[in-house]
Amino acid sequence: MEEQRHQKYVNPYTDFGFKKLFGTELNKDLLISLLNALFDRSSQFSPGEPKQVVKDLRYLPTEKMASYGERRAVFDVYCEGENGEKFIVEMQKASQDFFKDRSVFYSAFPIIEQGKVGDEWDFHLNGVYTIGILNFVFPGDEYSKDCFHHEVKLLDMEDKHVFYDKLTYVYLEMPKFNKTESELVSMYDKWLFVLKNLTRLMERPAALQERIFTRLFEQAEIARFTPDESRIYEESLKQYRDLRNVVNSAERRGREAANQENARRMKVKGFAATDISEITGLSIGEIENL
């Protein structure tokens, strides 16, 4: 309970926190507002297309089985709009191998389940939207440090027009979002600020006066949790901390390996041990043992 005592609001990057805020019928107005804010931002990339407006949602089972095998997809939140469009909304806590492959694979499930038996079906499909809220950045400097919102569609490479508009991926590299409270203008800005900073806040910021944020902060307040919710949240926090420790440890090992390799090369080129130590952060003893 240590972390809970120092935080007023739930951590939305935990499984419990994300699903409590966005994965329940009670709070679907929060999810609708978030999706509309994202689509309003995305419409700037595709000015010729109608803006997606979500008026209502119904939640669908989050576990799907492929009809061709035993491979499962387990979504954080899976729901359907009033016109039959499907929304997969996921909070990705750490980078993983083949993340893009996994994202495309998951998007295939709501496509496949629209298939109908018989000759009468004409292959008409409703739109599928995958929303990935990422607590990491894409590796390899794929995008610049200022580019954190990515809307991905199937394009014709010749003239870059949208070849198929019913399959959309929206990814948010949250570590790159650094706007302060005074810089928040749009609902998009405000929602990303909340997602990024909720656990750091001790009161509702003055910039977030919309009624939807009144609901959000009420639902996010840890003191309002039932005993069962507090217990489940504590377990979810532990899993989240354990995952972050694993990721951080792997990153440290990667940095240490890189520093050791750089030190070896500098030794070969005749660099002084003190210079190598200053550049790589390794101790003189570590350098001498390489």
# chains A, B, ... in the order shown; residues from 1 in each chain; ligands from 1
>>> residues_around(residues="A:Arg200", least_positions_apart="5", cutoff="9 Å", atoms="only C-alpha atoms", output="number ranges by chain")
A: 7-9
>>> write_last_selection(atoms="N, CA, C and O atoms", output="compact mmCIF listing (two decimals), in the first residue's frame")
# COMPACT_ATOMS: atom_id res chain seq x y z
N GLN A 7 0.01 8.53 -3.52
CA GLN A 7 -0.69 8.96 -4.71
C GLN A 7 -2.16 9.15 -4.41
O GLN A 7 -2.76 8.36 -3.71
N LYS A 8 -2.71 10.21 -4.97
CA LYS A 8 -4.13 10.46 -4.77
C LYS A 8 -4.96 9.77 -5.85
O LYS A 8 -6.09 9.34 -5.59
N TYR A 9 -4.38 9.67 -7.05
CA TYR A 9 -5.15 9.15 -8.19
C TYR A 9 -4.51 7.88 -8.75
O TYR A 9 -3.29 7.68 -8.66
>>> residues_around(residues="A:Leu192", least_positions_apart="3", cutoff="10 Å", atoms="only C-alpha atoms", output="mmCIF file with all heavy atoms, in the first residue's frame")
data_model
loop_
_atom_site.group_PDB
_atom_site.id
_atom_site.type_symbol
_atom_site.label_atom_id
_atom_site.label_comp_id
_atom_site.auth_asym_id
_atom_site.auth_seq_id
_atom_site.Cartn_x
_atom_site.Cartn_y
_atom_site.Cartn_z
ATOM 1 N N LEU A 34 -12.322 10.465 -24.817
ATOM 2 C CA LEU A 34 -10.935 10.252 -25.222
ATOM 3 C C LEU A 34 -10.845 9.929 -26.712
ATOM 4 O O LEU A 34 -10.024 10.509 -27.437
ATOM 5 C CB LEU A 34 -10.323 9.120 -24.399
ATOM 6 C CG LEU A 34 -8.927 8.650 -24.826
ATOM 7 C CD1 LEU A 34 -7.914 9.771 -24.704
ATOM 8 C CD2 LEU A 34 -8.499 7.444 -23.997
ATOM 9 N N ALA A 37 -11.479 12.941 -28.877
ATOM 10 C CA ALA A 37 -10.336 13.857 -28.849
ATOM 11 C C ALA A 37 -9.233 13.366 -29.779
ATOM 12 O O ALA A 37 -8.617 14.158 -30.509
ATOM 13 C CB ALA A 37 -9.806 13.990 -27.418
ATOM 14 N N LEU A 38 -8.996 12.059 -29.792
ATOM 15 C CA LEU A 38 -7.970 11.496 -30.668
ATOM 16 C C LEU A 38 -8.358 11.629 -32.134
ATOM 17 O O LEU A 38 -7.529 11.980 -32.984
ATOM 18 C CB LEU A 38 -7.729 10.023 -30.330
ATOM 19 C CG LEU A 38 -7.150 9.718 -28.946
ATOM 20 C CD1 LEU A 38 -6.953 8.222 -28.771
ATOM 21 C CD2 LEU A 38 -5.835 10.452 -28.748
ATOM 22 N N ILE A 133 -1.803 3.363 -26.759
ATOM 23 C CA ILE A 133 -1.224 4.389 -25.882
ATOM 24 C C ILE A 133 0.068 3.793 -25.339
ATOM 25 O O ILE A 133 0.044 2.875 -24.522
ATOM 26 C CB ILE A 133 -2.196 4.767 -24.757
ATOM 27 C CG1 ILE A 133 -3.513 5.267 -25.360
ATOM 28 C CG2 ILE A 133 -1.586 5.849 -23.854
ATOM 29 C CD1 ILE A 133 -4.630 5.425 -24.344
ATOM 30 N N LEU A 172 0.306 6.581 -29.825
ATOM 31 C CA LEU A 172 0.750 7.754 -29.076
ATOM 32 C C LEU A 172 2.008 7.387 -28.292
ATOM 33 O O LEU A 172 1.960 6.552 -27.396
ATOM 34 C CB LEU A 172 -0.339 8.216 -28.103
ATOM 35 C CG LEU A 172 -1.709 8.532 -28.704
ATOM 36 C CD1 LEU A 172 -2.726 8.756 -27.597
ATOM 37 C CD2 LEU A 172 -1.625 9.758 -29.603
ATOM 38 N N MET A 174 3.783 8.305 -25.582
ATOM 39 C CA MET A 174 3.520 9.191 -24.453
ATOM 40 C C MET A 174 4.764 9.818 -23.818
ATOM 41 O O MET A 174 4.695 10.957 -23.335
ATOM 42 C CB MET A 174 2.701 8.439 -23.399
ATOM 43 C CG MET A 174 1.286 8.081 -23.840
ATOM 44 S SD MET A 174 0.308 9.514 -24.350
ATOM 45 C CE MET A 174 0.237 10.433 -22.805
ATOM 46 N N PHE A 177 5.324 13.362 -25.003
ATOM 47 C CA PHE A 177 4.360 14.448 -24.750
ATOM 48 C C PHE A 177 4.800 15.217 -23.506
ATOM 49 O O PHE A 177 4.810 14.675 -22.395
ATOM 50 C CB PHE A 177 2.955 13.890 -24.539
ATOM 51 C CG PHE A 177 1.922 14.957 -24.280
ATOM 52 C CD1 PHE A 177 1.352 15.666 -25.327
ATOM 53 C CD2 PHE A 177 1.533 15.264 -22.990
ATOM 54 C CE1 PHE A 177 0.410 16.659 -25.094
ATOM 55 C CE2 PHE A 177 0.586 16.250 -22.734
ATOM 56 C CZ PHE A 177 0.035 16.950 -23.790
ATOM 57 N N ASN A 178 5.149 16.482 -23.688
ATOM 58 C CA ASN A 178 5.729 17.251 -22.582
ATOM 59 C C ASN A 178 5.043 18.589 -22.349
ATOM 60 O O ASN A 178 5.627 19.479 -21.718
ATOM 61 C CB ASN A 178 7.225 17.488 -22.844
ATOM 62 C CG ASN A 178 8.005 16.192 -22.841
ATOM 63 O OD1 ASN A 178 7.889 15.391 -21.926
ATOM 64 N ND2 ASN A 178 8.803 15.978 -23.885
ATOM 65 N N LYS A 179 3.820 18.759 -22.819
ATOM 66 C CA LYS A 179 3.136 20.033 -22.601
ATOM 67 C C LYS A 179 2.829 20.233 -21.118
ATOM 68 O O LYS A 179 2.471 19.288 -20.408
ATOM 69 C CB LYS A 179 1.838 20.096 -23.407
ATOM 70 C CG LYS A 179 2.048 20.355 -24.893
ATOM 71 C CD LYS A 179 0.746 20.691 -25.593
ATOM 72 C CE LYS A 179 0.996 21.061 -27.052
ATOM 73 N NZ LYS A 179 -0.245 21.455 -27.748
ATOM 74 N N LEU A 184 -2.108 23.748 -22.340
ATOM 75 C CA LEU A 184 -3.224 22.902 -22.755
ATOM 76 C C LEU A 184 -4.332 23.749 -23.366
ATOM 77 O O LEU A 184 -4.857 24.657 -22.725
ATOM 78 C CB LEU A 184 -3.762 22.127 -21.552
ATOM 79 C CG LEU A 184 -2.740 21.299 -20.765
ATOM 80 C CD1 LEU A 184 -3.415 20.578 -19.610
ATOM 81 C CD2 LEU A 184 -2.023 20.308 -21.676
ATOM 82 N N MET A 187 -9.031 19.522 -26.269
ATOM 83 C CA MET A 187 -9.349 18.339 -25.478
ATOM 84 C C MET A 187 -8.287 17.262 -25.677
ATOM 85 O O MET A 187 -7.986 16.494 -24.756
ATOM 86 C CB MET A 187 -10.734 17.808 -25.857
ATOM 87 C CG MET A 187 -11.874 18.648 -25.335
ATOM 88 S SD MET A 187 -11.959 18.621 -23.510
ATOM 89 C CE MET A 187 -12.539 16.942 -23.220
ATOM 90 N N TYR A 188 -7.719 17.227 -26.862
ATOM 91 C CA TYR A 188 -6.632 16.285 -27.135
ATOM 92 C C TYR A 188 -5.459 16.536 -26.182
ATOM 93 O O TYR A 188 -4.946 15.607 -25.548
ATOM 94 C CB TYR A 188 -6.205 16.437 -28.585
ATOM 95 C CG TYR A 188 -4.977 15.649 -28.970
ATOM 96 C CD1 TYR A 188 -5.066 14.302 -29.314
ATOM 97 C CD2 TYR A 188 -3.729 16.263 -29.020
ATOM 98 C CE1 TYR A 188 -3.941 13.587 -29.686
ATOM 99 C CE2 TYR A 188 -2.600 15.555 -29.389
ATOM 100 C CZ TYR A 188 -2.709 14.221 -29.719
ATOM 101 O OH TYR A 188 -1.588 13.517 -30.083
ATOM 102 N N ASP A 189 -5.033 17.801 -26.074
ATOM 103 C CA ASP A 189 -3.948 18.145 -25.162
ATOM 104 C C ASP A 189 -4.290 17.741 -23.725
ATOM 105 O O ASP A 189 -3.448 17.204 -23.001
ATOM 106 C CB ASP A 189 -3.696 19.659 -25.182
ATOM 107 C CG ASP A 189 -3.103 20.137 -26.492
ATOM 108 O OD1 ASP A 189 -2.558 19.314 -27.244
ATOM 109 O OD2 ASP A 189 -3.192 21.358 -26.758
ATOM 110 N N LEU A 195 -3.357 11.513 -19.001
ATOM 111 C CA LEU A 195 -2.760 10.177 -19.099
ATOM 112 C C LEU A 195 -1.300 10.183 -18.662
ATOM 113 O O LEU A 195 -0.825 9.244 -18.024
ATOM 114 C CB LEU A 195 -2.871 9.653 -20.531
ATOM 115 C CG LEU A 195 -4.283 9.312 -21.020
ATOM 116 C CD1 LEU A 195 -4.256 8.981 -22.516
ATOM 117 C CD2 LEU A 195 -4.874 8.148 -20.233
ATOM 118 N N LYS A 196 -0.587 11.232 -19.011
ATOM 119 C CA LYS A 196 0.837 11.310 -18.695
ATOM 120 C C LYS A 196 1.089 11.643 -17.228
ATOM 121 O O LYS A 196 2.060 11.143 -16.626
ATOM 122 C CB LYS A 196 1.483 12.385 -19.584
ATOM 123 C CG LYS A 196 2.979 12.614 -19.346
ATOM 124 C CD LYS A 196 3.808 11.546 -19.999
ATOM 125 C CE LYS A 196 5.309 11.835 -19.829
ATOM 126 N NZ LYS A 196 5.763 12.881 -20.767
ATOM 127 N N ASN A 197 0.221 12.451 -16.610
ATOM 128 C CA ASN A 197 0.553 13.030 -15.311
ATOM 129 C C ASN A 197 -0.381 12.667 -14.162
ATOM 130 O O ASN A 197 -0.186 13.148 -13.048
ATOM 131 C CB ASN A 197 0.584 14.562 -15.440
ATOM 132 C CG ASN A 197 1.641 15.030 -16.411
ATOM 133 O OD1 ASN A 197 2.834 14.966 -16.141
ATOM 134 N ND2 ASN A 197 1.209 15.520 -17.567
ATOM 135 N N LEU A 198 -1.383 11.838 -14.402
ATOM 136 C CA LEU A 198 -2.412 11.610 -13.388
ATOM 137 C C LEU A 198 -1.837 11.197 -12.037
ATOM 138 O O LEU A 198 -2.267 11.697 -10.990
ATOM 139 C CB LEU A 198 -3.403 10.549 -13.879
ATOM 140 C CG LEU A 198 -4.619 10.294 -12.983
ATOM 141 C CD1 LEU A 198 -5.422 11.579 -12.782
ATOM 142 C CD2 LEU A 198 -5.504 9.209 -13.597
#
>>> closest_residue(among="A:Leu243, A:Leu282, A:Val53, A:Thr226", to="A:Glu261", atoms="only C-alpha atoms")
A:Leu282
>>> residues_around(residues="A:His6", least_positions_apart="5", cutoff="12 Å", atoms="only C-alpha atoms", output="list in words")
Met1, Asn11, Thr199, Arg200, Leu201, Met202, Ile222 and Ala223 of chain A
>>> select_by_dssp(residues="stretch 30-204 of chain A", states="helix (DSSP H, G or I)", output="number ranges by chain")
A: 30-42, 99-112, 139-141, 174-176, 181-183, 187-200
>>> atom_distance(atom1="atom CA of A:Val77", atom2="atom CA of A:Glu25")
11.3 Å
>>> residues_around(residues="A:Ile111", least_positions_apart="3", cutoff="9 Å", atoms="only C-alpha atoms", output="mmCIF file with N, CA, C and O atoms, in the first residue's frame")
data_model
loop_
_atom_site.group_PDB
_atom_site.id
_atom_site.type_symbol
_atom_site.label_atom_id
_atom_site.label_comp_id
_atom_site.auth_asym_id
_atom_site.auth_seq_id
_atom_site.Cartn_x
_atom_site.Cartn_y
_atom_site.Cartn_z
ATOM 1 N N LYS A 86 -15.395 -1.142 -35.003
ATOM 2 C CA LYS A 86 -14.751 -1.787 -33.865
ATOM 3 C C LYS A 86 -13.582 -0.937 -33.378
ATOM 4 O O LYS A 86 -12.819 -0.388 -34.184
ATOM 5 N N SER A 107 -5.558 -6.674 -34.855
ATOM 6 C CA SER A 107 -6.588 -5.992 -35.646
ATOM 7 C C SER A 107 -7.293 -6.945 -36.601
ATOM 8 O O SER A 107 -8.382 -6.643 -37.092
ATOM 9 N N ALA A 108 -6.682 -8.118 -36.861
ATOM 10 C CA ALA A 108 -7.309 -9.082 -37.763
ATOM 11 C C ALA A 108 -8.532 -9.744 -37.131
ATOM 12 O O ALA A 108 -9.444 -10.157 -37.851
ATOM 13 N N GLN A 114 -16.300 -10.456 -38.512
ATOM 14 C CA GLN A 114 -17.392 -9.861 -39.290
ATOM 15 C C GLN A 114 -17.830 -10.750 -40.448
ATOM 16 O O GLN A 114 -18.852 -10.487 -41.087
ATOM 17 N N GLY A 115 -17.050 -11.783 -40.735
ATOM 18 C CA GLY A 115 -17.403 -12.677 -41.824
ATOM 19 C C GLY A 115 -18.705 -13.411 -41.553
ATOM 20 O O GLY A 115 -19.030 -13.737 -40.413
ATOM 21 N N LEU A 125 -17.359 -4.685 -44.869
ATOM 22 C CA LEU A 125 -16.769 -4.639 -43.531
ATOM 23 C C LEU A 125 -16.986 -3.276 -42.904
ATOM 24 O O LEU A 125 -17.002 -2.249 -43.593
ATOM 25 N N ASN A 126 -17.166 -3.275 -41.585
ATOM 26 C CA ASN A 126 -17.168 -2.026 -40.834
ATOM 27 C C ASN A 126 -15.734 -1.681 -40.436
ATOM 28 O O ASN A 126 -14.851 -2.541 -40.394
ATOM 29 N N GLY A 127 -15.514 -0.417 -40.152
ATOM 30 C CA GLY A 127 -14.171 0.052 -39.839
ATOM 31 C C GLY A 127 -13.605 -0.570 -38.570
ATOM 32 O O GLY A 127 -14.336 -0.898 -37.634
ATOM 33 N N VAL A 128 -12.293 -0.733 -38.548
ATOM 34 C CA VAL A 128 -11.572 -1.246 -37.384
ATOM 35 C C VAL A 128 -10.502 -0.220 -37.008
ATOM 36 O O VAL A 128 -9.698 0.190 -37.851
#
>>> residues_around(residues="stretch 139-148 of chain A", least_positions_apart="2", cutoff="10 Å", atoms="only C-alpha atoms", output="short mmCIF file (atom, residue, chain, number, x, y, z; two decimals) with N, CA and C atoms, in the first residue's frame")
data_model
loop_
_atom_site.label_atom_id
_atom_site.label_comp_id
_atom_site.auth_asym_id
_atom_site.auth_seq_id
_atom_site.Cartn_x
_atom_site.Cartn_y
_atom_site.Cartn_z
N SER A 95 8.04 -1.64 -24.42
CA SER A 95 8.34 -2.08 -25.78
C SER A 95 8.53 -3.59 -25.81
N GLN A 96 8.25 -4.19 -26.94
CA GLN A 96 8.40 -5.63 -27.09
C GLN A 96 8.79 -5.96 -28.51
N LEU A 134 1.21 4.28 -25.81
CA LEU A 134 2.49 3.64 -25.57
C LEU A 134 3.28 4.34 -24.48
N PHE A 136 6.34 4.03 -24.10
CA PHE A 136 7.69 3.89 -24.64
C PHE A 136 7.71 4.58 -25.99
N VAL A 137 8.89 4.71 -26.56
CA VAL A 137 9.01 5.28 -27.91
C VAL A 137 9.46 4.18 -28.85
N HIS A 150 0.79 9.23 -34.23
CA HIS A 150 0.94 8.57 -35.52
C HIS A 150 -0.38 7.94 -35.93
N TYR A 171 -1.20 5.55 -32.83
CA TYR A 171 -0.23 5.27 -31.78
C TYR A 171 0.22 6.58 -31.15
N LEU A 172 0.31 6.58 -29.82
CA LEU A 172 0.75 7.75 -29.08
C LEU A 172 2.01 7.39 -28.29
N GLU A 173 3.14 8.01 -28.64
CA GLU A 173 4.37 7.80 -27.88
C GLU A 173 4.36 8.76 -26.69
N MET A 174 3.78 8.30 -25.58
CA MET A 174 3.52 9.19 -24.45
C MET A 174 4.76 9.82 -23.82
N PRO A 175 5.91 9.14 -23.78
CA PRO A 175 7.09 9.81 -23.18
C PRO A 175 7.48 11.09 -23.90
N LYS A 176 7.06 11.26 -25.15
CA LYS A 176 7.41 12.46 -25.90
C LYS A 176 6.46 13.63 -25.64
N PHE A 177 5.32 13.36 -25.00
CA PHE A 177 4.36 14.45 -24.75
C PHE A 177 4.80 15.22 -23.51
N ASN A 178 5.15 16.48 -23.69
CA ASN A 178 5.73 17.25 -22.58
C ASN A 178 5.04 18.59 -22.35
#
>>> select_by_dssp(residues="stretch 113-230 of chain A", states="strand (DSSP E)", output="PyMOL selection string")
chain A and resi 128-134+149-155+162-173
>>> residues_around(residues="A:Leu237", least_positions_apart="5", cutoff="12 Å", atoms="only C-alpha atoms", output="list in words")
Met1, Glu2, Glu3, Gln4, Gln7, Val10, Asn11, Pro12, Tyr13, Thr14, Asp15, Phe16, Gly17, Phe18, Thr199, Glu229, Ser230, Arg231, Ile232, Asp242, Leu243 and Arg244 of chain A
>>> write_last_selection(atoms="N, CA, C and O atoms", output="CSV table (one decimal), in the first residue's frame")
chain,number,residue,atom,x,y,z
A,1,MET,N,0.8,-1.2,0.0
A,1,MET,CA,0.0,0.0,0.0
A,1,MET,C,0.9,1.3,0.0
A,1,MET,O,0.3,2.4,0.0
A,2,GLU,N,2.2,1.1,0.0
A,2,GLU,CA,3.1,2.3,0.1
A,2,GLU,C,2.8,3.3,-1.0
A,2,GLU,O,2.7,4.5,-0.7
A,3,GLU,N,2.8,2.8,-2.2
A,3,GLU,CA,2.6,3.7,-3.4
A,3,GLU,C,1.3,4.3,-3.4
A,3,GLU,O,1.1,5.5,-3.7
A,4,GLN,N,0.2,3.6,-2.9
A,4,GLN,CA,-1.1,4.1,-2.9
A,4,GLN,C,-1.2,5.3,-1.9
A,4,GLN,O,-1.9,6.3,-2.2
A,7,GLN,N,0.0,8.5,-3.5
A,7,GLN,CA,-0.7,9.0,-4.7
A,7,GLN,C,-2.2,9.2,-4.4
A,7,GLN,O,-2.8,8.4,-3.7
A,10,VAL,N,-5.3,7.1,-9.3
A,10,VAL,CA,-4.9,5.7,-9.8
A,10,VAL,C,-3.9,5.9,-11.0
A,10,VAL,O,-4.0,6.9,-11.7
A,11,ASN,N,-3.0,5.0,-11.1
A,11,ASN,CA,-2.1,4.9,-12.2
A,11,ASN,C,-2.8,4.3,-13.4
A,11,ASN,O,-3.1,3.1,-13.4
A,12,PRO,N,-3.0,5.1,-14.5
A,12,PRO,CA,-3.7,4.6,-15.7
A,12,PRO,C,-2.9,3.6,-16.5
A,12,PRO,O,-3.4,2.9,-17.4
A,13,TYR,N,-1.6,3.5,-16.2
A,13,TYR,CA,-0.7,2.5,-16.9
A,13,TYR,C,-0.8,1.1,-16.3
A,13,TYR,O,-0.3,0.2,-16.9
A,14,THR,N,-1.5,1.0,-15.1
A,14,THR,CA,-1.7,-0.4,-14.6
A,14,THR,C,-2.9,-1.0,-15.3
A,14,THR,O,-3.8,-0.3,-15.8
A,15,ASP,N,-3.0,-2.3,-15.3
A,15,ASP,CA,-4.2,-3.0,-15.9
A,15,ASP,C,-5.4,-2.5,-15.2
A,15,ASP,O,-6.5,-2.2,-15.8
A,16,PHE,N,-5.4,-2.5,-13.9
A,16,PHE,CA,-6.6,-2.1,-13.1
A,16,PHE,C,-7.0,-0.7,-13.4
A,16,PHE,O,-8.2,-0.4,-13.7
A,17,GLY,N,-6.0,0.2,-13.3
A,17,GLY,CA,-6.3,1.6,-13.5
A,17,GLY,C,-6.9,1.9,-14.9
A,17,GLY,O,-7.9,2.7,-15.0
A,18,PHE,N,-6.3,1.3,-15.9
A,18,PHE,CA,-6.8,1.6,-17.3
A,18,PHE,C,-8.2,1.1,-17.5
A,18,PHE,O,-9.1,1.8,-18.1
A,199,THR,N,-0.9,10.3,-12.0
A,199,THR,CA,-0.3,9.8,-10.7
A,199,THR,C,0.5,10.9,-10.0
A,199,THR,O,0.7,10.8,-8.8
A,229,GLU,N,-11.4,-3.2,-4.5
A,229,GLU,CA,-10.7,-2.5,-5.5
A,229,GLU,C,-9.3,-2.1,-5.1
A,229,GLU,O,-8.3,-2.2,-5.9
A,230,SER,N,-9.1,-1.7,-3.8
A,230,SER,CA,-7.8,-1.3,-3.3
A,230,SER,C,-6.9,-2.5,-3.4
A,230,SER,O,-5.7,-2.4,-3.7
A,231,ARG,N,-7.4,-3.7,-3.0
A,231,ARG,CA,-6.5,-4.9,-3.1
A,231,ARG,C,-6.1,-5.3,-4.5
A,231,ARG,O,-4.9,-5.5,-4.7
A,232,ILE,N,-7.0,-5.2,-5.4
A,232,ILE,CA,-6.7,-5.5,-6.8
A,232,ILE,C,-5.8,-4.5,-7.4
A,232,ILE,O,-4.8,-4.8,-8.1
A,242,ASP,N,7.1,-4.4,-11.2
A,242,ASP,CA,8.0,-5.5,-11.6
A,242,ASP,C,8.4,-5.4,-13.0
A,242,ASP,O,9.5,-5.6,-13.4
A,243,LEU,N,7.4,-5.1,-13.9
A,243,LEU,CA,7.7,-5.0,-15.3
A,243,LEU,C,8.6,-3.8,-15.6
A,243,LEU,O,9.6,-4.0,-16.4
A,244,ARG,N,8.4,-2.7,-15.0
A,244,ARG,CA,9.3,-1.5,-15.2
A,244,ARG,C,10.7,-1.8,-14.7
A,244,ARG,O,11.7,-1.4,-15.3
>>> atom_distance(atom1="atom CA of A:Val104", atom2="atom CA of A:Lys55")
25.8 Å
>>> atom_distance(atom1="atom CA of A:Leu57", atom2="atom CA of A:Tyr129")
13.3 Å
>>> residues_around(residues="A:Leu35", least_positions_apart="2", cutoff="10 Å", atoms="only C-alpha atoms", output="VMD selection string")
chain A and resid 29 to 33 37 to 41 52 to 54 87 89 131 188 191
>>> write_last_selection(atoms="N, CA and C atoms", output="PDB file, in the first residue's frame")
ATOM      1  N   ASP A  29     -18.417   7.032 -20.884  1.00  0.00           N
ATOM      2  CA  ASP A  29     -18.366   8.417 -21.339  1.00  0.00           C
ATOM      3  C   ASP A  29     -16.928   8.936 -21.358  1.00  0.00           C
ATOM      4  N   LEU A  30     -16.081   8.407 -20.458  1.00  0.00           N
ATOM      5  CA  LEU A  30     -14.669   8.793 -20.459  1.00  0.00           C
ATOM      6  C   LEU A  30     -13.983   8.288 -21.727  1.00  0.00           C
ATOM      7  N   LEU A  31     -14.251   7.053 -22.092  1.00  0.00           N
ATOM      8  CA  LEU A  31     -13.650   6.480 -23.293  1.00  0.00           C
ATOM      9  C   LEU A  31     -14.147   7.194 -24.547  1.00  0.00           C
ATOM     10  N   ILE A  32     -15.435   7.501 -24.595  1.00  0.00           N
ATOM     11  CA  ILE A  32     -15.994   8.208 -25.753  1.00  0.00           C
ATOM     12  C   ILE A  32     -15.320   9.569 -25.923  1.00  0.00           C
ATOM     13  N   SER A  33     -15.141  10.290 -24.818  1.00  0.00           N
ATOM     14  CA  SER A  33     -14.493  11.594 -24.879  1.00  0.00           C
ATOM     15  C   SER A  33     -13.046  11.471 -25.341  1.00  0.00           C
ATOM     16  N   ALA A  37     -11.479  12.941 -28.877  1.00  0.00           N
ATOM     17  CA  ALA A  37     -10.336  13.857 -28.849  1.00  0.00           C
ATOM     18  C   ALA A  37      -9.233  13.366 -29.779  1.00  0.00           C
ATOM     19  N   LEU A  38      -8.996  12.059 -29.792  1.00  0.00           N
ATOM     20  CA  LEU A  38      -7.970  11.496 -30.668  1.00  0.00           C
ATOM     21  C   LEU A  38      -8.358  11.629 -32.134  1.00  0.00           C
ATOM     22  N   PHE A  39      -9.629  11.357 -32.437  1.00  0.00           N
ATOM     23  CA  PHE A  39     -10.057  11.451 -33.832  1.00  0.00           C
ATOM     24  C   PHE A  39     -10.097  12.900 -34.308  1.00  0.00           C
ATOM     25  N   ASP A  40     -10.388  13.819 -33.413  1.00  0.00           N
ATOM     26  CA  ASP A  40     -10.365  15.231 -33.780  1.00  0.00           C
ATOM     27  C   ASP A  40      -8.947  15.643 -34.150  1.00  0.00           C
ATOM     28  N   ARG A  41      -7.969  15.153 -33.406  1.00  0.00           N
ATOM     29  CA  ARG A  41      -6.556  15.424 -33.719  1.00  0.00           C
ATOM     30  C   ARG A  41      -6.159  14.740 -35.027  1.00  0.00           C
ATOM     31  N   GLN A  52     -14.203  11.216 -37.490  1.00  0.00           N
ATOM     32  CA  GLN A  52     -14.903  10.129 -36.798  1.00  0.00           C
ATOM     33  C   GLN A  52     -15.468  10.664 -35.490  1.00  0.00           C
ATOM     34  N   VAL A  53     -16.758  10.587 -35.297  1.00  0.00           N
ATOM     35  CA  VAL A  53     -17.398  11.041 -34.065  1.00  0.00           C
ATOM     36  C   VAL A  53     -18.061   9.835 -33.406  1.00  0.00           C
ATOM     37  N   VAL A  54     -17.633   9.533 -32.199  1.00  0.00           N
ATOM     38  CA  VAL A  54     -18.176   8.398 -31.458  1.00  0.00           C
ATOM     39  C   VAL A  54     -19.271   8.915 -30.538  1.00  0.00           C
ATOM     40  N   PHE A  87     -13.438  -0.873 -32.065  1.00  0.00           N
ATOM     41  CA  PHE A  87     -12.347  -0.116 -31.463  1.00  0.00           C
ATOM     42  C   PHE A  87     -11.560  -1.017 -30.517  1.00  0.00           C
ATOM     43  N   VAL A  89      -8.598  -0.634 -27.876  1.00  0.00           N
ATOM     44  CA  VAL A  89      -7.867   0.412 -27.151  1.00  0.00           C
ATOM     45  C   VAL A  89      -6.948  -0.274 -26.157  1.00  0.00           C
ATOM     46  N   ILE A 131      -6.155   1.657 -31.204  1.00  0.00           N
ATOM     47  CA  ILE A 131      -5.566   2.791 -30.490  1.00  0.00           C
ATOM     48  C   ILE A 131      -4.515   2.251 -29.527  1.00  0.00           C
ATOM     49  N   TYR A 188      -7.719  17.227 -26.862  1.00  0.00           N
ATOM     50  CA  TYR A 188      -6.632  16.285 -27.135  1.00  0.00           C
ATOM     51  C   TYR A 188      -5.459  16.536 -26.182  1.00  0.00           C
ATOM     52  N   TRP A 191      -6.442  15.496 -22.551  1.00  0.00           N
ATOM     53  CA  TRP A 191      -6.491  14.058 -22.300  1.00  0.00           C
ATOM     54  C   TRP A 191      -5.085  13.476 -22.214  1.00  0.00           C
TER      55      TRP A 191
END
>>> closest_residue(among="A:Pro205, A:Gln219, A:Ser186, A:His149", to="A:Lys28", atoms="only C-alpha atoms")
A:Gln219
>>> closest_residue(among="A:Cys79, A:Ile112, A:Met157, A:Ala94", to="A:Ala250", atoms="only C-alpha atoms")
A:Ala94
